[in-house]
Every structure is written in structure tokens, then in C-alpha cells.
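Chemist: Pasting in a structure now, in C-alpha cells, and then I'll have a few things to ask.
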Amino acid sequence: MKRGYQESSSSGSFGPPHSKFKYNPEGDAQFLEDDNTKIFAKKVADHYSARTNQTLEEREASPIIHLKKLNNWIKSVLIQLYAKRGDAVLDLACGKGGDLIKWDKARIGYYVGIDIADGSLCVVLAPSPKKCMQEPLVICGVVIEDCRRRYNGDADHHQRRKKFSFPARLICGDCFEVRLDKVLAEDAPFDVCSCQFAMHYSWSTEARARRALANVSALLRPGGIFIGTMPDANVIVKKLREAEGLQFGNSVYWIRFDEEFENKDAVDCPEWIVPFHVFKTLAEEYGLELVFVKNSHVFVDEYMKKPEFVELMRRLGALGDGKEDQSTLSPDEWEVAYLYLAFVLRKRGQPDQARISSKRDKGKMNLSKEDIIITLTLPVQIRIRYFLAAYGHADHPLGVCVLNLGIIGD
Ligand SMILES: C[S@@+](CC[C@H](N)C(=O)[O-])C[C@H]1O[C@@H](n2cnc3c(N)ncnc32)[C@H](O)[C@@H]1O
């Protein structure tokens, strides 16, 4: 499945495939293993890295500004419902740190953010030293670097703000591939894990989906909460069935299915999306029990019955400010909201009251570029060493190597 938003600043259409499934005759969804997984993960990273920062004016002029505000409201509600003062938070696929303010408002005590797209890195890797000049694999981007600058309160495209009240760590890596329980052994356990608008990127293979859930489960304390948002497979498949061809959308989005989806009526219909019932069953295997799942429309309906969240909606402005600003989501934006769901899972077990939440001495109140931890998967590490050997740098510790390579990447 490919999808896109029509935004002047975006790099155009993009389409990292979501999960790929076949339904067997019993109607159970099964993963299809895909050799291109690494390429897809890189495409995702490249896509987010390539997106340019917007000024406040550009952001406000976006045709989906109200949708963005609505999504921020949904994330804020989830955070306000489940994060408590002093909590240690793990933000998987944290992006440019768009949720930092929300976590600050919840007065959390510690924050670890991880994202695959890293701007401090510009590494040229090659499949072999020989091929390094012909087939470079470039890992570069701006996402984590933006997050670092935002956390530090540096002037960014929005505004300079006061410092955040919690220490933080940032990690660049593929959180659906790397064993985070090893990387974060000294930071765990976390009280809350969040994965906003990104969990579906883990569903390209069963191994990655399992790694994602194993990471969440291993790092959450018993009773800890996992909150997230992702595309709603039920809605997308329903829309595909109603569509004339393999593509549907409106003035602000489109979704296109690949040719192999052509025979829509067949039981044997591969999907690039996450069937939630499979997600739920898999999560249970990792001791994560469903608290709720709600389509965004239902979510808005329910939480707009609570005065505190109505007030939050007014402040965020998704539906205007209720006074002079009467602007609100267009019907087309509201239709896009319908394509997403919000979920909450809880790690099985009783919280151990006596246990100190987590060791926060790893976090800092100001992060330098060198503080960003880079976690690379084994094949990439091997390729870096291979590359370095060819240039006589084999003895360097990996971190230094990566920085050196950054110069080559420039
Ligand atoms: C739609 S953005 C959401 C960012 C942020 N969670 C938010 O809600 O603003 C998706 C993010 O997922 C990140 N991402 C995708 N695949 C990832 C992976 N395998 N590991 C870590 N981050 C990933 C992208 O780099 C991007 O920043």
C-alpha cells in the first residue's frame, strides 16, 4: 500500500509498505517474509529525513493543519490519561520531538527518544570496499538532530522555549530491529512506552513485529502502559472494497495498493497494513494486554465528552478556538482522521512499589551531538568495519568511525 498527503513541503508521494499479509483459507492473516525489509526501513528513514522544516506560517498554511492539530490532541489525551508525574518514558519513533511539550506538561521524570532518521549522521556505507564508490548506501537525515535541538530549547522553526524539566537521552536506530533491552538495560524499566503514528513500520516481517513488541515488553515495568496510534486496517480495507480501482483518496490524501491486490474479492488477499486482531494476539504473547483500541472518530467522540479535553481541543485549535477563529477540520481532513486508530496496552503483572522507577543518571538536561547514541544493526556494523578496513581505520571504535565517515558522507 502506498499513501501520501498532499502538502507543498512534502517530498511528494511516498509509500513505505506497511505489513504484507496473506489470508489463509481459515481467514487468519499470515506474514509474508520480505527480503526488501532493510530497504524499506531505509526508505522510511530517508523519507522522514528529507522532509524540510516548516516555519510557523508555512505550518499554519498547510491544507492539513487542522488534522495535524487533531492528531496532536489525540496524542495529548493519551499522554494525559496515562503518564504520571515522575514517570520514565520511552518514545519509539519519536520523530523531531513533537511530543516533548506534551510529556513536559505531564511532568514526567525521564525521557528516552529513539528514531531511525538521524541528522547528525551522514554515513556512506558500501556493500564491499570495492563497491563503495559505485553503490554507496547513505544514511542521513534531520529527524533526531531536530529533536535534540528542540529538547535543548535551541531556536528552531517554531520558537525558542524554556528548557524542559526532565533529563533525556536520544538514540538513533531502528527500534524494530535492534535489541533495545540491551541498549537501554541501565535505563529500564519504563513506566510508559509510546509509539505514535509509527508502529505499522514494524510490520514488514514477523521478525520485526516481534522485535518491536519484545522491546516494549522487556523495557516496560509490570503494569506499565504502551500507548500508540497507527492506521486502522479495518477502515482502509473497507475503503479499498468500496473503491473502483486500487486507489482512493480525496483532496488531502491518497492510498494506492500495488497490483498484487488486484483481486480484491479473493480470500487470498495480501495487505500492507496491520490487522489489529493479529497485533493484539501477538502483543499478548509478549505479556501486553489490550486496554482499549478506538478508531480516531470514536476517540474524538468519547473524549470530547470530558470538559478538560474540550478545553484542550480549543487550545490546540483543531476545531477553531470557539471564538473568532471558526476554522475547523475540512470534511476531507476528517476522512483522513478516520483512517487511524489509537490503542493502549498494559504490561501484565503488578507494579513493584518498592522498586525505583528507573536510573535516570544516563539522561542529561542539555544534549550535545556526541550524546546521541547510535545503534546499528549487525549487518550495518559489519559493513562499516569492512569499509574502514579498506581505508586503514579498522581499529577505531565504531562511534569514532561513524563520525569520521560523516565527513565522507558530506
Ligand atoms: C509519522 S512520524 C511520527 C513521529 C512522532 N512519533 C510523532 O508522532 O510526531 C514516523 C516516525 O517514525 C520513524 N520511524 C520509522 N521507522 C522507524 C524505525 N524502524 N525505527 C525508529 N524510527 C522509525 C520515522 O523516522 C519518523 O520519524
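Chain labels A, B, ... are given in the sequence in which chains occur in the C-alpha cells; within each chain residues are numbered consecutively from 1, and ligands are likewise numbered from 1 in the order shown.
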Could the residues that lie within 7 Å of ligand 1, counting only C-alpha atoms and all ligand atoms, be listed as a ChimeraX atom specification?
Modeler: /A:41,44-45,48-49,92-99,114-117,143,173-177,195-198,201-202
Chemist: When you count only C-alpha atoms, which of these residues is closest to Asn152 (chain A): A:Ile373, A:Val344, A:Met365, A:Leu219?
Modeler: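 So, comparing all the options, the nearest one is A:Met365.
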Chemist: Taking the chain letters and numbering used in this document, name the residues of region 285-383 of chain A that DSSP puts in alpha helix (DSSP H), as a count of residues only.
Modeler: 32
Chemist: Counting only C-alpha atoms, which residues in region 293-325 of chain A sit no more than 10 Å from region 64-80 of chain A? For each one, give the nearest pair of atoms and the distance in Å, sorted by chain then residue number, as JSON lines.
Modeler:
```
{"residue": "A:Ser296", "atom": "CA", "partner": "A:Ile74", "partner_atom": "CA", "distance": 7.8}
{"residue": "A:Phe299", "atom": "CA", "partner": "A:Ile74", "partner_atom": "CA", "distance": 7.8}
{"residue": "A:Val300", "atom": "CA", "partner": "A:Ile74", "partner_atom": "CA", "distance": 7.6}
{"residue": "A:Tyr303", "atom": "CA", "partner": "A:Val77", "partner_atom": "CA", "distance": 8.0}
{"residue": "A:Glu308", "atom": "CA", "partner": "A:Val77", "partner_atom": "CA", "distance": 9.5}
{"residue": "A:Phe309", "atom": "CA", "partner": "A:Val77", "partner_atom": "CA", "distance": 7.0}
{"residue": "A:Val310", "atom": "CA", "partner": "A:Trp73", "partner_atom": "CA", "distance": 9.8}
{"residue": "A:Leu312", "atom": "CA", "partner": "A:Trp73", "partner_atom": "CA", "distance": 7.2}
{"residue": "A:Met313", "atom": "CA", "partner": "A:Trp73", "partner_atom": "CA", "distance": 6.2}
{"residue": "A:Arg314", "atom": "CA", "partner": "A:Trp73", "partner_atom": "CA", "distance": 9.7}
{"residue": "A:Arg315", "atom": "CA", "partner": "A:Trp73", "partner_atom": "CA", "distance": 9.4}
{"residue": "A:Leu316", "atom": "CA", "partner": "A:Lys69", "partner_atom": "CA", "distance": 6.1}
{"residue": "A:Gly317", "atom": "CA", "partner": "A:Lys69", "partner_atom": "CA", "distance": 6.6}
{"residue": "A:Ala318", "atom": "CA", "partner": "A:His66", "partner_atom": "CA", "distance": 4.6}
{"residue": "A:Leu319", "atom": "CA", "partner": "A:His66", "partner_atom": "CA", "distance": 7.1}
{"residue": "A:Gly320", "atom": "CA", "partner": "A:His66", "partner_atom": "CA", "distance": 8.5}
```
